[in-house]
file work.tsv (TSV, C-alpha atoms)
chain	number	residue	atom	x	y	z
A	1	MET	CA	-11.56	153.16	-45.29
A	2	ALA	CA	-11.02	156.59	-43.90
A	3	LEU	CA	-13.28	157.55	-41.02
A	4	SER	CA	-14.41	160.85	-39.63
A	5	PRO	CA	-14.74	161.33	-35.90
A	6	GLN	CA	-17.74	163.59	-36.42
A	7	HIS	CA	-21.04	162.11	-35.33
A	8	VAL	CA	-23.20	163.91	-37.87
A	9	VAL	CA	-26.39	162.32	-39.17
A	10	ASP	CA	-26.01	161.60	-42.86
A	11	ALA	CA	-29.25	161.73	-44.80
A	12	GLU	CA	-27.96	159.11	-47.23
A	13	SER	CA	-27.09	156.56	-44.56
A	14	THR	CA	-30.11	156.56	-42.29
A	15	SER	CA	-30.71	152.82	-42.74
A	16	THR	CA	-29.98	150.89	-39.57
A	17	ALA	CA	-28.96	147.35	-38.71
A	18	ASP	CA	-30.02	145.12	-35.84
A	19	GLU	CA	-28.42	145.75	-32.48
A	20	HIS	CA	-25.86	143.32	-31.10
A	21	LEU	CA	-25.63	141.87	-27.63
A	22	GLU	CA	-23.69	144.33	-25.48
A	23	GLY	CA	-20.19	143.31	-24.56
A	24	PHE	CA	-17.90	141.14	-26.64
A	25	ALA	CA	-20.45	140.58	-29.42
A	26	ASP	CA	-21.10	144.29	-29.97
A	27	PHE	CA	-17.43	145.21	-29.68
A	28	ALA	CA	-16.34	142.48	-32.11
A	29	ALA	CA	-18.97	143.58	-34.61
A	30	TYR	CA	-17.68	147.15	-34.40
A	31	ILE	CA	-14.06	146.09	-34.95
A	32	GLY	CA	-15.11	143.90	-37.88
A	33	SER	CA	-17.09	146.72	-39.52
A	34	ASP	CA	-13.94	148.29	-40.98
A	35	ARG	CA	-10.34	147.09	-41.35
A	36	ASP	CA	-9.00	150.39	-40.01
A	37	LEU	CA	-10.69	149.60	-36.68
A	38	ALA	CA	-8.62	146.44	-36.01
A	39	LEU	CA	-6.82	148.08	-33.09
A	40	PHE	CA	-5.50	146.11	-30.13
A	41	PRO	CA	-3.20	146.79	-27.14
A	42	ARG	CA	0.28	145.33	-27.41
A	43	PHE	CA	0.82	144.71	-23.67
A	44	ASP	CA	4.48	145.71	-23.78
A	45	THR	CA	4.99	145.39	-20.02
A	46	LEU	CA	3.41	141.95	-19.78
A	47	GLY	CA	5.34	140.74	-22.81
A	48	ALA	CA	8.63	141.86	-21.28
A	49	ARG	CA	7.72	140.32	-17.93
A	50	ASN	CA	6.85	136.98	-19.52
A	51	LEU	CA	10.26	136.93	-21.22
A	52	LEU	CA	11.97	137.74	-17.92
A	53	TYR	CA	10.17	134.88	-16.14
A	54	LEU	CA	11.14	132.42	-18.87
A	55	GLN	CA	14.69	133.72	-18.77
A	56	ALA	CA	14.90	133.26	-14.99
A	57	GLU	CA	13.46	129.74	-15.27
A	58	LEU	CA	16.08	128.83	-17.86
A	59	LEU	CA	18.86	130.14	-15.63
A	60	ALA	CA	17.57	128.02	-12.73
A	61	LEU	CA	17.37	124.92	-14.94
A	62	GLU	CA	20.87	125.54	-16.28
A	63	GLU	CA	22.18	125.77	-12.72
A	64	GLN	CA	20.39	122.51	-11.83
A	65	LEU	CA	21.91	120.74	-14.85
A	66	GLN	CA	25.38	121.95	-13.91
A	67	GLU	CA	24.88	120.55	-10.39
A	68	TYR	CA	24.00	117.14	-11.85
A	69	ASP	CA	27.10	117.28	-14.06
A	70	GLU	CA	29.27	118.12	-11.07
A	71	GLU	CA	27.68	115.32	-9.04
A	72	ASN	CA	28.40	112.81	-11.82
A	73	ARG	CA	31.96	114.09	-12.19
A	74	ARG	CA	32.68	113.56	-8.49
A	75	PHE	CA	31.11	110.09	-8.60
A	76	VAL	CA	33.29	109.07	-11.54
A	77	GLU	CA	36.47	110.36	-9.83
A	78	LYS	CA	35.59	108.66	-6.55
A	79	ASN	CA	34.93	105.28	-8.19
A	80	SER	CA	37.91	105.23	-10.53
A	81	THR	CA	41.58	104.40	-10.27
A	82	ARG	CA	44.48	106.20	-11.86
A	83	THR	CA	47.25	104.51	-13.77
A	84	ALA	CA	50.92	105.29	-13.39
A	85	GLU	CA	50.61	107.70	-16.27
A	86	GLY	CA	47.78	109.56	-14.42
A	87	GLN	CA	45.01	108.29	-16.69
A	88	LEU	CA	41.60	107.80	-15.07
A	89	MET	CA	40.28	104.20	-15.21
A	90	PRO	CA	36.61	104.02	-14.15
A	91	ASN	CA	35.21	100.85	-12.60
A	92	GLY	CA	31.80	99.33	-13.37
A	93	PRO	CA	29.42	101.88	-11.77
A	94	ALA	CA	31.63	104.82	-12.75
A	95	TRP	CA	31.85	103.53	-16.31
A	96	GLU	CA	28.07	103.39	-16.60
A	97	VAL	CA	27.79	107.01	-15.44
A	98	LEU	CA	30.52	108.06	-17.86
A	99	LEU	CA	28.89	106.12	-20.68
A	100	ALA	CA	25.60	107.97	-20.08
A	101	ALA	CA	27.52	111.25	-20.25
A	102	LYS	CA	29.05	110.33	-23.61
A	103	ASP	CA	26.33	108.35	-25.39
A	104	PHE	CA	22.74	109.59	-25.68
A	105	LYS	CA	21.27	106.12	-26.22
A	106	SER	CA	22.80	104.93	-22.96
A	107	PHE	CA	21.63	108.10	-21.24
A	108	ALA	CA	18.04	107.60	-22.45
A	109	ARG	CA	17.95	103.89	-21.58
A	110	ARG	CA	19.18	104.49	-18.05
A	111	ALA	CA	16.89	107.48	-17.46
A	112	LYS	CA	13.77	105.44	-18.37
A	113	VAL	CA	11.42	108.38	-18.94
A	114	PRO	CA	8.21	108.02	-21.02
A	115	GLU	CA	9.41	110.64	-23.52
A	116	HIS	CA	12.16	108.25	-24.64
A	117	GLU	CA	10.05	105.13	-24.96
A	118	TYR	CA	11.63	104.47	-28.36
A	119	TRP	CA	15.05	103.78	-26.83
A	120	LEU	CA	13.52	101.65	-24.07
A	121	GLU	CA	11.73	99.42	-26.59
A	122	ASN	CA	14.97	98.98	-28.54
A	123	GLU	CA	16.75	98.01	-25.34
A	124	ILE	CA	14.12	95.36	-24.54
A	125	GLU	CA	14.43	93.87	-28.02
A	126	ARG	CA	18.21	93.91	-27.77
A	127	THR	CA	18.43	92.31	-24.32
A	128	GLY	CA	15.36	90.05	-24.46
A	129	THR	CA	17.10	87.16	-26.24
A	130	GLY	CA	19.85	86.45	-23.70
A	131	GLY	CA	19.93	85.64	-19.97
A	132	SER	CA	17.25	84.49	-17.58
A	133	GLU	CA	14.50	86.58	-15.98
A	134	SER	CA	16.12	86.29	-12.51
A	135	ASP	CA	19.46	87.59	-13.84
A	136	SER	CA	17.71	90.55	-15.44
A	137	GLN	CA	15.91	91.41	-12.19
A	138	SER	CA	19.08	91.27	-10.07
A	139	SER	CA	20.96	93.44	-12.54
A	140	SER	CA	18.11	95.93	-12.52
A	141	LYS	CA	18.13	96.20	-8.71
A	142	ALA	CA	21.87	96.83	-8.70
A	143	THR	CA	21.57	99.87	-10.94
A	144	VAL	CA	18.50	101.55	-9.40
A	145	GLY	CA	20.56	104.30	-7.71
A	146	LYS	CA	22.56	105.17	-10.82
A	147	ASN	CA	19.48	105.13	-13.04
A	148	ASP	CA	17.59	107.39	-10.66
A	149	ARG	CA	20.42	109.92	-10.97
A	150	GLN	CA	20.21	109.75	-14.75
A	151	ARG	CA	16.41	110.00	-14.65
A	152	ARG	CA	16.52	113.24	-12.67
A	153	LYS	CA	19.10	114.64	-15.03
A	154	MET	CA	17.07	113.63	-18.10
A	155	LEU	CA	13.93	115.26	-16.67
A	156	THR	CA	15.91	118.48	-16.28
A	157	VAL	CA	17.13	118.22	-19.88
A	158	LEU	CA	13.58	117.71	-21.14
A	159	LYS	CA	12.32	120.64	-19.07
A	160	ILE	CA	15.08	122.84	-20.50
A	161	ARG	CA	14.06	121.77	-24.00
A	162	GLU	CA	10.44	122.72	-23.30
A	163	VAL	CA	11.14	126.08	-21.65
A	164	LEU	CA	13.85	127.02	-24.14
A	165	LYS	CA	11.47	126.43	-27.05
A	166	GLU	CA	8.79	128.51	-25.33
A	167	TYR	CA	11.30	131.28	-24.61
A	168	GLN	CA	12.64	131.43	-28.16
A	169	GLU	CA	9.13	131.44	-29.65
A	170	ALA	CA	8.04	134.17	-27.23
A	171	LEU	CA	11.17	136.15	-28.10
A	172	LEU	CA	10.46	136.00	-31.83
A	173	LEU	CA	6.76	136.77	-31.38
A	174	HIS	CA	7.54	139.73	-29.13
A	175	SER	CA	9.97	141.04	-31.73
A	176	GLN	CA	7.29	140.79	-34.44
A	177	VAL	CA	4.67	142.46	-32.24
A	178	LEU	CA	7.01	145.37	-31.51
A	179	GLN	CA	7.30	145.95	-35.25
A	180	LEU	CA	3.55	146.49	-35.63
A	181	GLU	CA	2.75	150.10	-36.44
A	182	SER	CA	0.66	152.48	-34.40
A	183	PRO	CA	-2.77	153.43	-35.78
A	184	GLY	CA	-3.44	156.71	-37.52
A	185	SER	CA	-4.76	159.56	-35.44
A	186	ARG	CA	-8.17	159.59	-37.15
A	187	PRO	CA	-9.07	155.86	-36.74
A	188	LEU	CA	-7.73	155.90	-33.16
A	189	LYS	CA	-9.84	158.93	-32.25
A	190	VAL	CA	-12.99	157.39	-33.73
A	191	PHE	CA	-12.27	154.08	-32.00
A	192	GLN	CA	-11.66	155.64	-28.59
A	193	GLU	CA	-14.78	157.80	-28.84
A	194	TRP	CA	-16.95	154.75	-29.53
A	195	PHE	CA	-15.25	152.72	-26.78
A	196	ASN	CA	-15.62	155.47	-24.17
A	197	ILE	CA	-19.30	155.92	-25.00
A	198	LYS	CA	-20.28	152.27	-25.20
A	199	ARG	CA	-17.95	150.94	-22.43
A	200	PRO	CA	-18.49	147.32	-23.52
A	201	PHE	CA	-16.64	145.65	-20.64
A	202	MET	CA	-16.78	145.66	-16.86
A	203	HIS	CA	-14.63	147.41	-14.28
A	204	LYS	CA	-10.99	148.04	-15.19
A	205	ALA	CA	-11.32	146.45	-18.62
A	206	ASN	CA	-12.98	149.66	-19.81
A	207	ASP	CA	-9.58	151.39	-19.42
A	208	LEU	CA	-8.01	148.96	-21.87
A	209	TYR	CA	-7.67	151.43	-24.73
A	210	LEU	CA	-6.24	154.23	-22.63
A	211	HIS	CA	-2.81	152.62	-22.95
A	212	LYS	CA	-0.22	154.05	-25.31
A	213	ASP	CA	0.81	150.68	-26.78
A	214	ILE	CA	-2.11	150.39	-29.22
A	215	VAL	CA	-1.24	148.80	-32.57
A	216	ALA	CA	-3.10	148.50	-35.85
A	217	LEU	CA	-3.23	145.13	-37.57
A	218	ARG	CA	-3.79	147.01	-40.84
A	219	PRO	CA	-2.11	150.42	-40.57
A	220	SER	CA	-3.81	153.20	-42.50
A	221	PRO	CA	-1.71	154.45	-45.41
A	222	ALA	CA	-0.13	157.81	-44.74
A	223	GLN	CA	-2.44	160.49	-46.06
A	224	ASP	CA	-0.94	163.47	-47.85
A	225	ARG	CA	-2.24	166.95	-47.23
A	226	LEU	CA	-4.21	167.02	-50.47
A	227	SER	CA	-6.17	163.91	-49.41
A	228	LYS	CA	-6.94	165.47	-46.04
A	229	ILE	CA	-8.11	168.68	-47.69
A	230	LEU	CA	-10.38	166.79	-50.08
A	231	GLN	CA	-11.83	164.74	-47.24
A	232	LYS	CA	-12.43	167.84	-45.11
A	233	ARG	CA	-13.69	170.25	-47.77
A	234	ALA	CA	-15.41	167.90	-50.19
A	235	GLY	CA	-16.02	164.86	-48.02
A	236	TRP	CA	-19.63	164.52	-49.09
A	237	VAL	CA	-18.41	163.37	-52.50
A	238	PHE	CA	-16.49	160.42	-51.04
A	239	ARG	CA	-18.91	159.22	-48.35
A	240	GLU	CA	-19.95	155.59	-48.21
A	241	LYS	CA	-23.35	154.27	-47.20
A	242	ARG	CA	-23.19	151.90	-44.24
A	243	THR	CA	-25.89	149.98	-42.41
A	244	LEU	CA	-25.05	150.37	-38.73
A	245	PRO	CA	-26.83	149.75	-35.41
A	246	PRO	CA	-28.39	152.95	-34.03
A	247	SER	CA	-26.40	152.72	-30.78
A	248	TRP	CA	-23.15	153.25	-32.70
A	249	GLY	CA	-24.14	156.83	-33.51
A	250	ASN	CA	-23.55	158.15	-37.01
A	251	PRO	CA	-19.85	157.89	-37.84
A	252	ILE	CA	-19.01	159.00	-41.37
A	253	PHE	CA	-17.13	156.56	-43.59
A	254	TYR	CA	-15.11	157.73	-46.57
A	255	SER	CA	-13.98	155.66	-49.53
A	256	ALA	CA	-10.19	155.60	-49.52
A	257	LYS	CA	-10.23	154.30	-53.10
A	258	LYS	CA	-12.27	157.25	-54.37
A	259	ILE	CA	-10.06	159.74	-52.53
A	260	SER	CA	-6.94	158.09	-53.95
A	261	ARG	CA	-8.28	158.30	-57.50
A	262	ALA	CA	-9.21	161.95	-57.03
A	263	VAL	CA	-5.73	162.74	-55.74
A	264	GLN	CA	-4.15	160.95	-58.70
A	265	MET	CA	-6.26	162.92	-61.16
A	266	LEU	CA	-5.51	166.25	-59.48
A	267	THR	CA	-1.80	165.42	-59.35
A	268	VAL	CA	-1.68	164.67	-63.08
A	269	LEU	CA	-3.62	167.84	-63.85
A	270	PHE	CA	-1.26	169.90	-61.71
A	271	ALA	CA	1.80	168.39	-63.42
A	272	ALA	CA	0.36	169.19	-66.85
A	273	PHE	CA	-0.61	172.70	-65.77
A	274	ALA	CA	2.79	173.37	-64.19
A	275	LEU	CA	4.64	172.34	-67.36
A	276	THR	CA	2.27	174.04	-69.82
A	277	SER	CA	2.03	177.32	-67.92
A	278	ALA	CA	5.80	177.47	-67.52
A	279	ILE	CA	6.40	176.93	-71.25
A	280	ILE	CA	3.82	179.57	-72.21
A	281	CYS	CA	5.31	182.12	-69.82
A	282	LEU	CA	8.85	181.40	-70.99
A	283	HIS	CA	7.76	181.76	-74.58
A	284	TYR	CA	6.75	185.37	-74.04
A	285	MET	CA	9.84	186.30	-72.02
A	286	GLN	CA	12.08	188.65	-74.04
A	287	THR	CA	15.44	188.46	-72.27
A	288	THR	CA	17.55	185.59	-70.99
A	289	ALA	CA	17.57	187.07	-67.48
A	290	GLN	CA	13.79	187.07	-67.40
A	291	ARG	CA	13.65	183.50	-68.60
A	292	PHE	CA	16.04	182.16	-65.98
A	293	GLY	CA	14.36	184.24	-63.28
A	294	ALA	CA	11.02	182.72	-64.24
A	295	LEU	CA	12.64	179.28	-64.32
A	296	GLY	CA	13.75	179.68	-60.69
A	297	ALA	CA	10.28	180.86	-59.68
A	298	PHE	CA	8.57	177.91	-61.36
A	299	LEU	CA	10.98	175.45	-59.76
A	300	PHE	CA	10.37	176.98	-56.33
A	301	VAL	CA	6.58	176.73	-56.71
A	302	PHE	CA	6.90	173.17	-58.02
A	303	VAL	CA	9.01	172.02	-55.07
A	304	LEU	CA	6.75	173.83	-52.60
A	305	ALA	CA	3.65	172.13	-54.02
A	306	ILE	CA	5.23	168.68	-53.89
A	307	GLY	CA	6.44	169.17	-50.33
A	308	MET	CA	3.11	170.51	-49.05
A	309	PHE	CA	0.57	168.30	-50.81
A	310	THR	CA	2.32	164.95	-51.23
A	311	THR	CA	4.15	162.40	-49.09
A	312	ALA	CA	7.04	162.07	-51.56
A	313	LYS	CA	10.44	161.15	-50.15
A	314	THR	CA	13.44	163.43	-50.54
A	315	SER	CA	14.90	161.32	-53.35
A	316	GLU	CA	11.56	161.35	-55.19
A	317	MET	CA	11.26	165.13	-54.80
A	318	LEU	CA	14.79	165.61	-56.15
A	319	GLY	CA	14.07	163.38	-59.15
A	320	ALA	CA	10.79	165.11	-60.01
A	321	THR	CA	12.32	168.58	-59.65
A	322	ALA	CA	15.34	167.63	-61.77
A	323	ALA	CA	13.10	166.28	-64.54
A	324	TYR	CA	10.85	169.35	-64.44
A	325	GLY	CA	13.82	171.71	-64.50
A	326	ALA	CA	15.53	169.79	-67.32
A	327	VAL	CA	12.48	170.15	-69.58
A	328	LEU	CA	12.34	173.91	-69.00
A	329	VAL	CA	16.09	174.38	-69.53
A	330	VAL	CA	15.95	172.47	-72.80
A	331	PHE	CA	13.04	174.63	-73.93
A	332	ILE	CA	14.94	177.79	-73.04
A	333	ALA	CA	18.02	176.61	-74.92
A	334	THR	CA	16.34	175.36	-78.09
A	335	GLY	CA	12.81	176.67	-78.29
A	336	LEU	CA	13.35	180.40	-78.09
A	337	PRO	CA	15.09	182.88	-80.42
A	338	LYS	CA	18.46	184.12	-79.20
A	339	ASP	CA	19.00	187.77	-78.27

call {"tool": "encode", "arguments": {"input": "work.tsv", "output": "structure tokens"}}
result
Amino acid sequence: MALSPQHVVDAESTSTADEHLEGFADFAAYIGSDRDLALFPRFDTLGARNLLYLQAELLALEEQLQEYDEENRRFVEKNSTRTAEGQLMPNGPAWEVLLAAKDFKSFARRAKVPEHEYWLENEIERTGTGGSESDSQSSSKATVGKNDRQRRKMLTVLKIREVLKEYQEALLLHSQVLQLESPGSRPLKVFQEWFNIKRPFMHKANDLYLHKDIVALRPSPAQDRLSKILQKRAGWVFREKRTLPPSWGNPIFYSAKKISRAVQMLTVLFAAFALTSAIICLHYMQTTAQRFGALGAFLFVFVLAIGMFTTAKTSEMLGATAAYGAVLVVFIATGLPKD
């Protein structure tokens, strides 16, 4: 719906609705009264800052993980022997660390974190059938230090997984938010006038809509000049009756559908008039020079009208002009007597 920023009392829309509780309730009711008023700040600076914090946290976690890798690498080298060929042969503790670095199941079973309870249950079922309880306890005490190292590393991996997911989701959401379009000048002006008069919030929150990063959840379609002229000069024809609380003033609502239909009808009438008037004029032209001079004049007026009163793209303007000119040229060539 197109809105007018004028606060003029309309005799046809004097009916009023109940007032809303001031604050969020009143403001939400105003936003919900028309889809063109769904305007919200984008918070560009906060969005960028949030991404920077997540990015810095990921860098710190990556550095921590690399330190654990380096610690495990030194442990494996220290507790291994080299063969005559220079090949590294890890002993028992070093082999367990290396196994955790190569096999995820071993890594999860040694880390013993609640997030990987599935692998711990499988380990209990696999080892529960053999050996005595005392043997299991002594083996567990011997590997406490190595498992604690793997647990700290696994917690870092899980934290990276959590933060990385949050970062990637925030990155995609921020990209989508940046693609939201800015509101049209008319809805934004009406919205800001209401907000500055009502001041629904407290303190600094009343400066919320002074920011430049306001976006429209439903952008208003681009209005051509003809639509604006109709709305300004003959707006009373397209007004809509609304039941509004008295404290909102008397904003004027226009039916975008009615304006669109009127523009379509006027456009078709203009196209028919442009073609008919050109053919009639060319019919009464006596010389070829006059006909082609008139052809150029009609084409100029046609292009000027399209450019001024429509939002047609360059390709659309070229196509319409070519079609219009082709009809007139064919009429000149076949529909008139030769000199």

call {"tool": "atom_distance", "arguments": {"input": "work.tsv", "atom1": "atom CA of Leu180 of chain A", "atom2": "atom CA of Val215 of chain A"}}
result
6.1 Å

call {"tool": "closest_residue", "arguments": {"input": "work.tsv", "among": "A:Arg110, A:Leu269, A:Thr83, A:Phe27", "to": "Asn196 of chain A", "atoms": "all atoms listed in the file"}}
result
A:Phe27

call {"tool": "atom_distance", "arguments": {"input": "work.tsv", "atom1": "atom CA of Leu54 of chain A", "atom2": "atom CA of Ala170 of chain A"}}
result
9.1 Å

call {"tool": "atom_distance", "arguments": {"input": "work.tsv", "atom1": "atom CA of Arg161 of chain A", "atom2": "atom CA of Glu62 of chain A"}}
result
11.0 Å

call {"tool": "closest_residue", "arguments": {"input": "work.tsv", "among": "A:Gln192, A:Ser315, A:Ser175, A:Thr276", "to": "Tyr209 of chain A", "atoms": "all atoms listed in the file"}}
result
A:Gln192

call {"tool": "residues_around", "arguments": {"input": "work.tsv", "residues": "Ser80 of chain A", "least_positions_apart": "4", "cutoff": "6 Å", "atoms": "all atoms listed in the file", "output": "list in words"}}
result
Met89, Pro90 and Asn91 of chain A

call {"tool": "residues_around", "arguments": {"input": "work.tsv", "residues": "Lys153 of chain A", "least_positions_apart": "4", "cutoff": "7 Å", "atoms": "all atoms listed in the file", "output": "PyMOL selection string"}}
result
chain A and resi 65+68+149+157

call {"tool": "closest_residue", "arguments": {"input": "work.tsv", "among": "A:Phe273, A:Ile197, A:Ser227, A:Gly296", "to": "Lys258 of chain A", "atoms": "all atoms listed in the file"}}
result
A:Ser227

call {"tool": "axis_aligned_box", "arguments": {"input": "work.tsv", "around": "segment 59-74 of chain A", "padding_each_side": "6 Å", "output": "lines of an AutoDock Vina configuration file"}}
result
center_x = 25.0
center_y = 121.5
center_z = -12.4
size_x = 27.3
size_y = 29.3
size_z = 19.8

call {"tool": "residues_around", "arguments": {"input": "work.tsv", "residues": "Arg225 of chain A", "least_positions_apart": "4", "cutoff": "10 Å", "atoms": "only C-alpha atoms", "output": "PyMOL selection string"}}
result
chain A and resi 229-231+307-311

call {"tool": "write_last_selection", "arguments": {"input": "work.tsv", "atoms": "C-alpha atoms", "output": "short mmCIF file (atom, residue, chain, number, x, y, z; two decimals), in the coordinates of the input"}}
result
data_model
loop_
_atom_site.label_atom_id
_atom_site.label_comp_id
_atom_site.auth_asym_id
_atom_site.auth_seq_id
_atom_site.Cartn_x
_atom_site.Cartn_y
_atom_site.Cartn_z
CA ILE A 229 -8.11 168.68 -47.69
CA LEU A 230 -10.38 166.79 -50.08
CA GLN A 231 -11.83 164.74 -47.24
CA GLY A 307 6.44 169.17 -50.33
CA MET A 308 3.11 170.51 -49.05
CA PHE A 309 0.57 168.30 -50.81
CA THR A 310 2.32 164.95 -51.23
CA THR A 311 4.15 162.40 -49.09
#

call {"tool": "residues_near_point", "arguments": {"input": "work.tsv", "point": "(-11.0, 153.6, -32.6)", "cutoff": "10 Å", "atoms": "only C-alpha atoms", "output": "VMD selection string"}}
result
chain A and resid 3 5 30 to 31 36 to 40 183 to 196 209 216

call {"tool": "residues_near_point", "arguments": {"input": "work.tsv", "point": "(7.2, 135.8, -19.8)", "cutoff": "12 Å", "atoms": "all atoms listed in the file", "output": "list in words"}}
result
Phe43, Asp44, Thr45, Leu46, Gly47, Ala48, Arg49, Asn50, Leu51, Leu52, Tyr53, Leu54, Gln55, Ala56, Glu57, Leu58, Val163, Leu164, Glu166, Tyr167, Gln168, Glu169, Ala170, Leu171, Leu173 and His174 of chain A

call {"tool": "residues_around", "arguments": {"input": "work.tsv", "residues": "Arg291 of chain A", "least_positions_apart": "4", "cutoff": "8 Å", "atoms": "all atoms listed in the file", "output": "PyMOL selection string"}}
result
chain A and resi 282+285-287+295+332

call {"tool": "closest_residue", "arguments": {"input": "work.tsv", "among": "A:Leu155, A:Arg261, A:Glu181, A:Leu21", "to": "Ser247 of chain A", "atoms": "only C-alpha atoms"}}
result
A:Leu21

call {"tool": "closest_residue", "arguments": {"input": "work.tsv", "among": "A:Ile280, A:Ala271, A:Leu88, A:Met154", "to": "Ala320 of chain A", "atoms": "all atoms listed in the file"}}
result
A:Ala271

call {"tool": "residues_around", "arguments": {"input": "work.tsv", "residues": "Ala274 of chain A", "least_positions_apart": "4", "cutoff": "8 Å", "atoms": "all atoms listed in the file", "output": "PyMOL selection string"}}
result
chain A and resi 270+278+298+302
